[in-house]
Amino acid sequence: AYTYAVESFNSVGSIRSPDTTVTTHQDIPSMLLPPTVSTVNSTAFDIFLPVPQQPNGVLVNFSIFVDGQFGLALGQSQNITLGDFDPYTNYSVTMHVCTIAGCALSRAVLAQTAEALAEVNFSPNVTAISSTRILVEWMIPFMPNGVIIRYAVQRRLLTQQTVSLVAVTGADTFTVQDGGLIPFTQYEFRLLVTNGAGTSISPWSTVRTLEDIPQGVAISSTVANQRSVVLTWAVPRVPHGVILRYDVLLRTADSGTMFRRVASTNSSLSLVVTPLKPFTTYEFQLAAVNGAGQGLSAAINATTLEDVPELLEPIVVLEQGVDGTWLNLSWNSPREANGLITQYLVFDSAGRQEYIGRETGFLFRRLRPYTTYLLFLRACTAVGCADGTIQNFTTPQTAPSLQLPPSAMAIGSRSFNISWTPPGQPNGILTFYAIFRMLSSSVSQDLVATLDPRRNANLQYIDTGLRPFSSYQYAVSSGTVAGNVTSVYSLAVRTFSASPEGFGAPLVITQSADRVFISWRAPLESNGVPSGYEVIRNGSLQATLSVSSTSYTDPSLLAAQLYCYTIRACTHLGGCTNSTAVCNSTREAQPLGVSAPVLSAVNSTTIRAWWTPPAQPRGIIVNYTLYIVMPCDSVPCIVYSGSVLSAVFHGLRAFTNYTFQIEACTRAGCGAAQLVTFPTPQAAPSKPAIPSVIVVSSTSVRVLYAAPVTPNGVIRSYAIVQNESVIATIQATSPHNFVYVVRNLQEMTRYAFSVRASTVGGTSESDAATITTFPPAPANVSAVNVTAVSSDSLSIDWDTPGEAYTSHVYYLVSHDRTFTVINTTAMQTSLTGLSPYTQYTLTLSTCTVYGCTASDPLTVRTLQAVPLGLAGPVVSATSAYSVNISWTVPATPNGVIISYNVHKRLMGNSTSSVVTTQSANRALSFVDAAVLPVTVYEYRVQAVNSAGVATSAWVSVRTPEAVPELIPPPDIRDVMQTRISATLLLPMRPNGVITSFLLYVNSSSAMVTLVSQNVLITGLEVYTAYDLVASFCTLVGCGNSTGLVARTAEGVPGP
């Protein structure tokens, strides 16, 4: 504000006017000082906003901007504490000050929140790198909430609770290796992260060290028999992993060779090693195998038992006698003796012993020339004996002897299979065989063949070109280089029968339409014992006859058909011969397989028919006759007779089923087809009867009609004709309502009505019926007046009509298809039992005997009522400090919902409060942020309209746990030189179940995990100040008290 005055001067003096004060307009503030920001904790600042050095007006509002975004409007307050910031984070805080002229921003001030415990929500990554060493890796916490000072790694066995410190590292180290561990053992590791606010602990990570080679493998053996050794063992004393299998290793003792694997087993602790060699010493070793390798047992020896010899050497001839009567034989020892040989034996094939002893040879005497001897060698040990293979030994040749006669077997009607055996004593190698033959009825013999035994090893010969059914005898001669011998003749044998020869053609004679007679003569050469005759017709066997039959009558033939006959003559086991075929035809007969005619309509009174020849005409068709079986006025109804395969019939009745039959005839008779029925098409119906017309009102009549007497088809529709014009077409239905109401006619007017009936074949019309309509209904009807009385009733009144045409008048009040008849002169009524806040359309009808006249419709709505059907809200705790409440509109609003009230109360408390009132056009939900953790609340909703309030049922919800709050500092009970005794006081707001509590001593140097609230801190320095902080934890997290400084007691000064 400024003050002004005017002073005037002249030569005499001056005069001063009174002061006038003027205030300049307000402007935006200037020369703003930055806000003063003090860090309260890790999530809050204490902010003071100073008054600008030049306000330039009246300050109306202080605001705070954090990181350039609007944070909070304080009005004229200058102090506030802001929270919900991230720990150990820099924020830019700016003051915003306003007058009515505008606002100004101060320069920004940087402030940093205090440190908090690091958020370690991950476990370290652990990897087994050997059987005794684990690699532990981790990363910087996503939310370190301060400056990481160090990391520590702890370890424990999975099955134990004792924790060991593995390593403590600086803030820039993220890996640690832990060695000296037990192979194939499960360990747990966790990470401790320490910053200026304290130490956080990660979850445990589980890992197993790698496998190592098994130790303490042992094996034992038991000799089972000559070829098997039983090995047994136990699980290795120190398996160092999962034993995958056991390998059994073997080698022959003192062989100097390497062990070889002979068997493997997964879980069995014993094994039978087989097959082994008898009487042999072996070395065994067991390998236990896991994922790291194999552990070997010490080698053990086992010797198998003796067994019988194997792989005997053959007998060899050292020398033979010139006369072939002796052999000098010798052999070597078995290649597999399997023990000590006690004796040798030599046997012939019959089992006779020729030699016994321990020598490996003997002289075989008293033999026959060119004779083969079969011998085998037997070698024995103390356990048993083994036989060698049987060997052949042959002496020199001599002439053959004891030749038997051959055997002959007929293999046809003209050949024999001749077979024979070698001489009983060939005495050498045979060089030829000679075959001789003679007829049993003759004494002369013929040389049939000379054969080389080396090319005819099967000793058989086929003799051909013989006569059927004849007897022959055979002899055989055999010889060597030293001579030959001839057998006697064999017994007589006969060749097989053959088919007859010289068989002539049969005689075939037709006897009737289905019968033929056949005759023949016997063959000139039977070539065996005749067995009979076969009659073959058209290639198929028709009859089999005896030898004495020379004729046959074939019945059941088709008429007018050509048949060919062949006679087959047969001998017993000799075959058959066919005669020449002879053909002849049967006589005609009546036709068979006559097909029904095919019919088609030309029009409603004409049908065309055609047909095909019979499937079995059985002769020449001379005539076709077509009959109408029904309906027919005369019998028979012949509509066609002739040889043409079609006909047309006229003058039939429309829409009628006709049954036809066709007959086909040969010179021998006639055959008829099956009946066939065919309908004629539809035609126009016969003339309908005159309809009956009833006057209903001044503007409507009711027309009653009937179906035509002769419809001539299926009635498809009826047409109502008014004054020669069609006013309605009605589809015919079954059942059909033969009534039609004609409306919108003129009062007191004459009308003529007729009916038309239609099929697909045409339409016919009845004669007309004439009537006159009634006088009109009342006129000049006034509108109805309606007033809503309540939520379920309406009041109605009206005036009398201007023209009634009669003295008897009544009224109908209609609403929503409901009618109320009112016989009164009061001209008013009431409607009750209606639905609240519902729109109704009302009409008043004024009626006489001639009809009714309706007023214009009027729409009215009943009054509102209290809402009904309000369901309980859906409530859910979104956090420990907020609850989300949502609800739905009432099932029956009964009006316009104005607002919703949400009530809240503690569980078990009858006192409630309104937490919010929301208009109906807002979202049907609300978030209540005024709740405490671990508390059960109840909520209900009220729906409000102009008639009243509807209240839902209470619904409960429990908020989850949170970090403890309002924790008092530790209570110091006693202070000593190196110890401090303290008690941790429970939080004023535990916010859940306390799961653990800790005591931080100088926060960055020591942390004590407690099992009791009373704690004795030892190992302290004399006369030293310590900062003590109590920490209590729930399942959600931990909260810390403010620090309390305690100093240990004084002690004796040191040197």
# chains A, B, ... in the order shown; residues from 1 in each chain; ligands from 1
$ residues_around --residues "range 741-754 of chain A" --least-positions-apart "2" --cutoff "8 Å" --atoms "only C-alpha atoms" --output "mmCIF file with all heavy atoms, in the first residue's frame"
data_model
loop_
_atom_site.group_PDB
_atom_site.id
_atom_site.type_symbol
_atom_site.label_atom_id
_atom_site.label_comp_id
_atom_site.auth_asym_id
_atom_site.auth_seq_id
_atom_site.Cartn_x
_atom_site.Cartn_y
_atom_site.Cartn_z
ATOM 1 N N ILE A 690 -73.520 -73.121 -50.576
ATOM 2 C CA ILE A 690 -73.616 -71.692 -50.248
ATOM 3 C C ILE A 690 -73.189 -71.491 -48.808
ATOM 4 O O ILE A 690 -73.620 -72.234 -47.911
ATOM 5 C CB ILE A 690 -75.059 -71.189 -50.453
ATOM 6 C CG1 ILE A 690 -75.459 -71.353 -51.923
ATOM 7 C CG2 ILE A 690 -75.204 -69.741 -50.021
ATOM 8 C CD1 ILE A 690 -76.909 -70.981 -52.187
ATOM 9 N N PRO A 691 -72.275 -70.519 -48.493
ATOM 10 C CA PRO A 691 -71.839 -70.324 -47.113
ATOM 11 C C PRO A 691 -72.949 -69.745 -46.246
ATOM 12 O O PRO A 691 -73.889 -69.116 -46.746
ATOM 13 C CB PRO A 691 -70.677 -69.333 -47.253
ATOM 14 C CG PRO A 691 -70.982 -68.578 -48.486
ATOM 15 C CD PRO A 691 -71.635 -69.558 -49.425
ATOM 16 N N VAL A 693 -73.748 -66.946 -43.445
ATOM 17 C CA VAL A 693 -73.162 -65.682 -43.015
ATOM 18 C C VAL A 693 -73.959 -65.165 -41.823
ATOM 19 O O VAL A 693 -75.190 -64.996 -41.919
ATOM 20 C CB VAL A 693 -73.123 -64.645 -44.145
ATOM 21 C CG1 VAL A 693 -72.440 -63.368 -43.666
ATOM 22 C CG2 VAL A 693 -72.424 -65.205 -45.368
ATOM 23 N N SER A 698 -71.897 -54.082 -36.312
ATOM 24 C CA SER A 698 -72.168 -53.144 -37.392
ATOM 25 C C SER A 698 -71.069 -53.157 -38.433
ATOM 26 O O SER A 698 -71.279 -52.685 -39.545
ATOM 27 C CB SER A 698 -72.348 -51.738 -36.820
ATOM 28 O OG SER A 698 -71.133 -51.329 -36.187
ATOM 29 N N THR A 699 -69.910 -53.693 -38.097
ATOM 30 C CA THR A 699 -68.773 -53.659 -39.045
ATOM 31 C C THR A 699 -68.178 -55.037 -39.291
ATOM 32 O O THR A 699 -67.150 -55.135 -39.952
ATOM 33 C CB THR A 699 -67.665 -52.734 -38.523
ATOM 34 O OG1 THR A 699 -67.217 -53.223 -37.248
ATOM 35 C CG2 THR A 699 -68.158 -51.303 -38.386
ATOM 36 N N SER A 700 -68.781 -56.131 -38.773
ATOM 37 C CA SER A 700 -68.168 -57.451 -38.962
ATOM 38 C C SER A 700 -69.244 -58.516 -39.066
ATOM 39 O O SER A 700 -70.328 -58.385 -38.492
ATOM 40 C CB SER A 700 -67.230 -57.780 -37.807
ATOM 41 O OG SER A 700 -67.927 -57.854 -36.587
ATOM 42 N N VAL A 701 -68.918 -59.587 -39.849
ATOM 43 C CA VAL A 701 -69.786 -60.763 -39.996
ATOM 44 C C VAL A 701 -68.923 -62.002 -39.857
ATOM 45 O O VAL A 701 -67.693 -61.960 -40.007
ATOM 46 C CB VAL A 701 -70.516 -60.762 -41.356
ATOM 47 C CG1 VAL A 701 -71.419 -59.550 -41.493
ATOM 48 C CG2 VAL A 701 -69.501 -60.826 -42.508
ATOM 49 N N ARG A 702 -69.574 -63.145 -39.590
ATOM 50 C CA ARG A 702 -68.884 -64.439 -39.495
ATOM 51 C C ARG A 702 -69.380 -65.310 -40.632
ATOM 52 O O ARG A 702 -70.579 -65.549 -40.753
ATOM 53 C CB ARG A 702 -69.149 -65.100 -38.147
ATOM 54 C CG ARG A 702 -68.371 -66.411 -37.965
ATOM 55 C CD ARG A 702 -68.632 -67.057 -36.609
ATOM 56 N NE ARG A 702 -68.159 -66.245 -35.517
ATOM 57 C CZ ARG A 702 -68.933 -65.605 -34.647
ATOM 58 N NH1 ARG A 702 -70.253 -65.685 -34.743
ATOM 59 N NH2 ARG A 702 -68.405 -64.890 -33.661
ATOM 60 N N VAL A 703 -68.434 -65.791 -41.490
ATOM 61 C CA VAL A 703 -68.755 -66.610 -42.657
ATOM 62 C C VAL A 703 -68.434 -68.059 -42.317
ATOM 63 O O VAL A 703 -67.297 -68.383 -41.959
ATOM 64 C CB VAL A 703 -67.953 -66.156 -43.903
ATOM 65 C CG1 VAL A 703 -68.313 -67.022 -45.095
ATOM 66 C CG2 VAL A 703 -68.240 -64.691 -44.191
ATOM 67 N N ILE A 720 -62.439 -66.310 -49.593
ATOM 68 C CA ILE A 720 -63.686 -65.651 -49.224
ATOM 69 C C ILE A 720 -63.923 -64.504 -50.211
ATOM 70 O O ILE A 720 -63.052 -63.615 -50.358
ATOM 71 C CB ILE A 720 -63.624 -65.128 -47.781
ATOM 72 C CG1 ILE A 720 -63.227 -66.258 -46.814
ATOM 73 C CG2 ILE A 720 -64.967 -64.530 -47.380
ATOM 74 C CD1 ILE A 720 -64.185 -67.422 -46.816
ATOM 75 N N VAL A 721 -65.051 -64.546 -50.899
ATOM 76 C CA VAL A 721 -65.369 -63.557 -51.942
ATOM 77 C C VAL A 721 -66.472 -62.650 -51.410
ATOM 78 O O VAL A 721 -67.535 -63.137 -50.976
ATOM 79 C CB VAL A 721 -65.807 -64.244 -53.248
ATOM 80 C CG1 VAL A 721 -66.120 -63.191 -54.316
ATOM 81 C CG2 VAL A 721 -64.727 -65.213 -53.715
ATOM 82 N N GLN A 722 -66.185 -61.343 -51.399
ATOM 83 C CA GLN A 722 -67.149 -60.328 -50.933
ATOM 84 C C GLN A 722 -67.489 -59.421 -52.110
ATOM 85 O O GLN A 722 -66.590 -58.768 -52.673
ATOM 86 C CB GLN A 722 -66.552 -59.520 -49.785
ATOM 87 C CG GLN A 722 -67.405 -58.340 -49.339
ATOM 88 C CD GLN A 722 -66.689 -57.505 -48.285
ATOM 89 O OE1 GLN A 722 -66.186 -58.040 -47.315
ATOM 90 N NE2 GLN A 722 -66.633 -56.202 -48.526
ATOM 91 N N ASN A 723 -68.772 -59.458 -52.498
ATOM 92 C CA ASN A 723 -69.228 -58.617 -53.618
ATOM 93 C C ASN A 723 -68.343 -58.844 -54.841
ATOM 94 O O ASN A 723 -67.827 -57.914 -55.460
ATOM 95 C CB ASN A 723 -69.266 -57.145 -53.236
ATOM 96 C CG ASN A 723 -70.294 -56.851 -52.156
ATOM 97 O OD1 ASN A 723 -71.180 -57.668 -51.897
ATOM 98 N ND2 ASN A 723 -70.188 -55.683 -51.537
ATOM 99 N N GLU A 724 -68.084 -60.173 -55.137
ATOM 100 C CA GLU A 724 -67.344 -60.648 -56.305
ATOM 101 C C GLU A 724 -65.849 -60.295 -56.254
ATOM 102 O O GLU A 724 -65.153 -60.375 -57.272
ATOM 103 C CB GLU A 724 -67.957 -60.101 -57.604
ATOM 104 C CG GLU A 724 -69.399 -60.534 -57.822
ATOM 105 C CD GLU A 724 -69.968 -60.035 -59.141
ATOM 106 O OE1 GLU A 724 -69.224 -59.280 -59.829
ATOM 107 O OE2 GLU A 724 -71.100 -60.388 -59.473
ATOM 108 N N VAL A 739 -64.498 -71.316 -40.544
ATOM 109 C CA VAL A 739 -65.127 -70.067 -40.090
ATOM 110 C C VAL A 739 -64.164 -68.930 -40.411
ATOM 111 O O VAL A 739 -62.954 -69.047 -40.175
ATOM 112 C CB VAL A 739 -65.427 -70.106 -38.571
ATOM 113 C CG1 VAL A 739 -66.040 -68.769 -38.133
ATOM 114 C CG2 VAL A 739 -66.371 -71.240 -38.238
ATOM 115 N N ARG A 756 -64.649 -69.878 -52.593
ATOM 116 C CA ARG A 756 -63.938 -70.595 -53.657
ATOM 117 C C ARG A 756 -63.035 -71.650 -53.027
ATOM 118 O O ARG A 756 -62.321 -71.358 -52.070
ATOM 119 C CB ARG A 756 -63.109 -69.646 -54.506
ATOM 120 C CG ARG A 756 -63.929 -68.665 -55.312
ATOM 121 C CD ARG A 756 -63.029 -67.696 -56.070
ATOM 122 N NE ARG A 756 -63.803 -66.669 -56.771
ATOM 123 C CZ ARG A 756 -63.258 -65.631 -57.423
ATOM 124 N NH1 ARG A 756 -61.930 -65.506 -57.440
ATOM 125 N NH2 ARG A 756 -64.015 -64.767 -58.038
ATOM 126 N N GLU A 765 -66.361 -72.119 -57.429
ATOM 127 C CA GLU A 765 -66.943 -71.114 -56.540
ATOM 128 C C GLU A 765 -68.402 -71.446 -56.255
ATOM 129 O O GLU A 765 -69.143 -71.912 -57.140
ATOM 130 C CB GLU A 765 -66.825 -69.725 -57.161
ATOM 131 C CG GLU A 765 -67.301 -68.603 -56.241
ATOM 132 C CD GLU A 765 -67.068 -67.212 -56.831
ATOM 133 O OE1 GLU A 765 -66.386 -67.140 -57.894
ATOM 134 O OE2 GLU A 765 -67.554 -66.213 -56.263
ATOM 135 N N SER A 766 -68.809 -71.197 -54.984
ATOM 136 C CA SER A 766 -70.202 -71.452 -54.572
ATOM 137 C C SER A 766 -71.095 -70.286 -55.009
ATOM 138 O O SER A 766 -70.614 -69.230 -55.467
ATOM 139 C CB SER A 766 -70.256 -71.611 -53.054
ATOM 140 O OG SER A 766 -70.017 -70.354 -52.421
ATOM 141 N N ASP A 767 -72.407 -70.448 -54.827
ATOM 142 C CA ASP A 767 -73.341 -69.339 -55.006
ATOM 143 C C ASP A 767 -73.196 -68.372 -53.835
ATOM 144 O O ASP A 767 -72.651 -68.736 -52.777
ATOM 145 C CB ASP A 767 -74.778 -69.872 -55.079
ATOM 146 C CG ASP A 767 -74.997 -70.705 -56.339
ATOM 147 O OD1 ASP A 767 -74.292 -70.455 -57.341
ATOM 148 O OD2 ASP A 767 -75.836 -71.629 -56.297
ATOM 149 N N ALA A 768 -73.679 -67.122 -53.946
ATOM 150 C CA ALA A 768 -73.490 -66.080 -52.940
ATOM 151 C C ALA A 768 -74.636 -66.067 -51.936
ATOM 152 O O ALA A 768 -75.782 -66.384 -52.263
ATOM 153 C CB ALA A 768 -73.361 -64.719 -53.604
ATOM 154 N N ALA A 769 -74.292 -65.721 -50.683
ATOM 155 C CA ALA A 769 -75.269 -65.505 -49.608
ATOM 156 C C ALA A 769 -75.272 -64.016 -49.286
ATOM 157 O O ALA A 769 -74.206 -63.393 -49.170
ATOM 158 C CB ALA A 769 -74.892 -66.319 -48.375
ATOM 159 N N THR A 770 -76.485 -63.372 -49.091
ATOM 160 C CA THR A 770 -76.619 -61.926 -48.919
ATOM 161 C C THR A 770 -77.075 -61.610 -47.502
ATOM 162 O O THR A 770 -77.974 -62.281 -46.959
ATOM 163 C CB THR A 770 -77.621 -61.353 -49.924
ATOM 164 O OG1 THR A 770 -77.216 -61.696 -51.247
ATOM 165 C CG2 THR A 770 -77.708 -59.841 -49.804
ATOM 166 N N ILE A 771 -76.428 -60.544 -46.838
ATOM 167 C CA ILE A 771 -76.794 -60.105 -45.490
ATOM 168 C C ILE A 771 -76.704 -58.579 -45.424
ATOM 169 O O ILE A 771 -76.179 -57.931 -46.345
ATOM 170 C CB ILE A 771 -75.869 -60.727 -44.421
ATOM 171 C CG1 ILE A 771 -74.389 -60.402 -44.744
ATOM 172 C CG2 ILE A 771 -76.077 -62.206 -44.336
ATOM 173 C CD1 ILE A 771 -73.886 -59.153 -44.171
ATOM 174 N N THR A 772 -77.222 -57.960 -44.252
ATOM 175 C CA THR A 772 -77.117 -56.523 -43.997
ATOM 176 C C THR A 772 -76.512 -56.325 -42.615
ATOM 177 O O THR A 772 -76.942 -56.976 -41.641
ATOM 178 C CB THR A 772 -78.498 -55.851 -44.063
ATOM 179 O OG1 THR A 772 -79.058 -56.072 -45.353
ATOM 180 C CG2 THR A 772 -78.387 -54.348 -43.805
ATOM 181 N N THR A 773 -75.515 -55.426 -42.440
ATOM 182 C CA THR A 773 -74.828 -55.208 -41.161
ATOM 183 C C THR A 773 -75.687 -54.404 -40.197
ATOM 184 O O THR A 773 -76.653 -53.763 -40.590
ATOM 185 C CB THR A 773 -73.504 -54.481 -41.393
ATOM 186 O OG1 THR A 773 -73.764 -53.269 -42.102
ATOM 187 C CG2 THR A 773 -72.538 -55.313 -42.206
ATOM 188 N N PHE A 774 -75.324 -54.437 -38.860
ATOM 189 C CA PHE A 774 -76.035 -53.756 -37.787
ATOM 190 C C PHE A 774 -75.717 -52.254 -37.797
ATOM 191 O O PHE A 774 -74.789 -51.798 -38.468
ATOM 192 C CB PHE A 774 -75.621 -54.330 -36.429
ATOM 193 C CG PHE A 774 -76.102 -55.733 -36.202
ATOM 194 C CD1 PHE A 774 -75.378 -56.602 -35.404
ATOM 195 C CD2 PHE A 774 -77.281 -56.202 -36.791
ATOM 196 C CE1 PHE A 774 -75.802 -57.886 -35.187
ATOM 197 C CE2 PHE A 774 -77.703 -57.493 -36.569
ATOM 198 C CZ PHE A 774 -76.975 -58.338 -35.768
ATOM 199 N N PRO A 775 -76.465 -51.448 -36.938
ATOM 200 C CA PRO A 775 -76.097 -50.027 -36.753
ATOM 201 C C PRO A 775 -74.732 -49.916 -36.091
ATOM 202 O O PRO A 775 -74.233 -50.878 -35.492
ATOM 203 C CB PRO A 775 -77.224 -49.509 -35.823
ATOM 204 C CG PRO A 775 -78.358 -50.443 -36.015
ATOM 205 C CD PRO A 775 -77.750 -51.786 -36.303
ATOM 206 N N PRO A 776 -74.109 -48.708 -36.061
ATOM 207 C CA PRO A 776 -72.747 -48.567 -35.535
ATOM 208 C C PRO A 776 -72.700 -48.566 -34.006
ATOM 209 O O PRO A 776 -73.713 -48.437 -33.338
ATOM 210 C CB PRO A 776 -72.283 -47.232 -36.105
ATOM 211 C CG PRO A 776 -73.558 -46.455 -36.285
ATOM 212 C CD PRO A 776 -74.604 -47.446 -36.691
#
$ residues_around --residues "Gly895 in chain A" --least-positions-apart "3" --cutoff "7 Å" --atoms "only C-alpha atoms" --output "ChimeraX atom specification"
/A:837,864-865,945
$ closest_residue --among "A:Val262, A:Val126, A:Cys665, A:Val866" --to "Trp204 in chain A" --atoms "only C-alpha atoms"
A:Val126
$ closest_atom_pairs --of "range 185-301 of chain A" --to "range 103-122 of chain A" --cutoff "10 Å" --atoms "only C-alpha atoms" --output "Markdown table"
| residue | atom | partner | partner_atom | distance |
| --- | --- | --- | --- | --- |
| A:Arg190 | CA | A:Phe122 | CA | 9.5 |
| A:Leu191 | CA | A:Val120 | CA | 8.5 |
| A:Leu192 | CA | A:Val120 | CA | 8.5 |
| A:Val193 | CA | A:Ala118 | CA | 6.9 |
| A:Thr194 | CA | A:Ala118 | CA | 7.4 |
| A:Asn195 | CA | A:Leu117 | CA | 6.9 |
| A:Gly196 | CA | A:Glu115 | CA | 6.2 |
| A:Ala197 | CA | A:Ala116 | CA | 4.9 |
| A:Gly198 | CA | A:Leu117 | CA | 5.7 |
| A:Thr199 | CA | A:Leu117 | CA | 6.4 |
| A:Ser200 | CA | A:Ala118 | CA | 6.0 |
| A:Ile201 | CA | A:Val120 | CA | 6.6 |
| A:Ser202 | CA | A:Val120 | CA | 5.3 |
| A:Pro203 | CA | A:Phe122 | CA | 6.6 |
| A:Trp204 | CA | A:Phe122 | CA | 9.0 |
| A:Ser205 | CA | A:Phe122 | CA | 9.3 |
$ residues_around --residues "range 547-549 of chain A" --least-positions-apart "2" --cutoff "10 Å" --atoms "only C-alpha atoms" --output "PyMOL selection string"
chain A and resi 519-522+529-533+544-545+551-552+569-571
$ residues_around --residues "range 472-474 of chain A" --least-positions-apart "2" --cutoff "9 Å" --atoms "only C-alpha atoms" --output "PDB file with C-alpha atoms, in the first residue's frame"
ATOM      1  CA  PRO A 405      13.833-159.347 -57.760  1.00  0.00           C
ATOM      2  CA  PRO A 406      12.469-155.801 -58.443  1.00  0.00           C
ATOM      3  CA  SER A 407       9.006-154.499 -57.452  1.00  0.00           C
ATOM      4  CA  ALA A 408       6.643-152.940 -60.027  1.00  0.00           C
ATOM      5  CA  ILE A 418      10.128-150.283 -61.423  1.00  0.00           C
ATOM      6  CA  ILE A 435      15.900-154.455 -66.341  1.00  0.00           C
ATOM      7  CA  PHE A 436      14.015-157.374 -68.048  1.00  0.00           C
ATOM      8  CA  ARG A 437      10.192-157.573 -68.802  1.00  0.00           C
ATOM      9  CA  MET A 438       7.693-160.233 -70.070  1.00  0.00           C
ATOM     10  CA  LEU A 439       3.873-160.527 -70.403  1.00  0.00           C
ATOM     11  CA  SER A 440       2.339-162.965 -67.965  1.00  0.00           C
ATOM     12  CA  SER A 441       0.658-164.732 -70.882  1.00  0.00           C
ATOM     13  CA  GLN A 445      11.378-161.611 -72.334  1.00  0.00           C
ATOM     14  CA  SER A 470      -2.694-155.934 -68.617  1.00  0.00           C
ATOM     15  CA  VAL A 476      16.926-157.111 -62.473  1.00  0.00           C
ATOM     16  CA  VAL A 488      14.347-164.230 -60.464  1.00  0.00           C
ATOM     17  CA  TYR A 489      11.208-162.651 -62.104  1.00  0.00           C
ATOM     18  CA  SER A 490       8.817-160.792 -59.864  1.00  0.00           C
ATOM     19  CA  LEU A 491       5.150-161.557 -59.315  1.00  0.00           C
ATOM     20  CA  ALA A 492       2.736-160.406 -62.052  1.00  0.00           C
ATOM     21  CA  VAL A 493       1.322-156.855 -61.774  1.00  0.00           C
ATOM     22  CA  ARG A 494      -1.493-155.153 -63.764  1.00  0.00           C
ATOM     23  CA  THR A 495      -1.648-151.681 -65.392  1.00  0.00           C
TER      24      THR A 495
END
$ residues_around --residues "Ala234 in chain A" --least-positions-apart "6" --cutoff "9 Å" --atoms "only C-alpha atoms" --output "MDAnalysis selection string"
chainID A and resid 217:219 269:270
$ residues_around --residues "Ile967 in chain A" --least-positions-apart "6" --cutoff "12 Å" --atoms "only C-alpha atoms" --output "PyMOL selection string"
chain A and resi 984-991+997+1029-1033+1038-1043
$ write_last_selection --atoms "C-alpha atoms" --output "PDB file, in the first residue's frame"
ATOM      1  CA  LEU A 984      12.296 -56.364  23.892  1.00  0.00           C
ATOM      2  CA  LEU A 985       8.864 -54.789  24.343  1.00  0.00           C
ATOM      3  CA  LEU A 986       6.055 -56.065  22.077  1.00  0.00           C
ATOM      4  CA  PRO A 987       4.844 -53.755  19.291  1.00  0.00           C
ATOM      5  CA  MET A 988       1.793 -51.638  20.037  1.00  0.00           C
ATOM      6  CA  ARG A 989       0.507 -52.791  16.629  1.00  0.00           C
ATOM      7  CA  PRO A 990       1.785 -56.312  15.944  1.00  0.00           C
ATOM      8  CA  ASN A 991      -0.355 -56.446  12.746  1.00  0.00           C
ATOM      9  CA  PHE A 997      12.215 -60.988  16.699  1.00  0.00           C
ATOM     10  CA  VAL A1029      17.302 -51.517  17.634  1.00  0.00           C
ATOM     11  CA  ALA A1030      14.508 -54.082  18.228  1.00  0.00           C
ATOM     12  CA  SER A1031      12.980 -55.805  15.181  1.00  0.00           C
ATOM     13  CA  PHE A1032       9.735 -57.834  15.172  1.00  0.00           C
ATOM     14  CA  CYS A1033       8.590 -59.939  12.179  1.00  0.00           C
ATOM     15  CA  CYS A1038       9.747 -57.012   9.814  1.00  0.00           C
ATOM     16  CA  GLY A1039       9.460 -53.640  11.535  1.00  0.00           C
ATOM     17  CA  ASN A1040      12.155 -51.856  13.542  1.00  0.00           C
ATOM     18  CA  SER A1041      11.989 -49.694  16.634  1.00  0.00           C
ATOM     19  CA  THR A1042      13.801 -46.393  16.985  1.00  0.00           C
ATOM     20  CA  GLY A1043      17.406 -46.727  18.104  1.00  0.00           C
TER      21      GLY A1043
END
$ select_by_dssp --residues "range 588-828 of chain A" --states "strand (DSSP E or B)" --output "ChimeraX atom specification"
/A:592,598-603,606-610,616,623-630,637-642,646-649,657-666,669-672,676-679,692-695,701-704,717-722,725-731,739-742,750-759,762-765,769-772,779,785-788,794-797,803,810-815,818-822,828
$ closest_atom_pairs --of "range 304-405 of chain A" --to "range 423-429 of chain A" --cutoff "9 Å" --atoms "only C-alpha atoms" --output "CSV"
residue,atom,partner,partner_atom,distance
A:Pro369,CA,A:Asn427,CA,7.4
A:Tyr370,CA,A:Asn427,CA,5.6
A:Thr371,CA,A:Asn427,CA,7.4
A:Pro396,CA,A:Gly428,CA,7.2
A:Gln397,CA,A:Gly428,CA,4.0
A:Thr398,CA,A:Asn427,CA,4.5
A:Ala399,CA,A:Asn427,CA,5.5
A:Pro400,CA,A:Pro426,CA,3.9
A:Ser401,CA,A:Gln425,CA,5.1
A:Leu402,CA,A:Gly424,CA,4.8
A:Gln403,CA,A:Pro423,CA,4.1
A:Leu404,CA,A:Pro423,CA,6.8
$ closest_residue --among "A:Thr232, A:Ile315, A:Pro617, A:Arg366" --to "Ile300 in chain A" --atoms "only C-alpha atoms"
A:Thr232
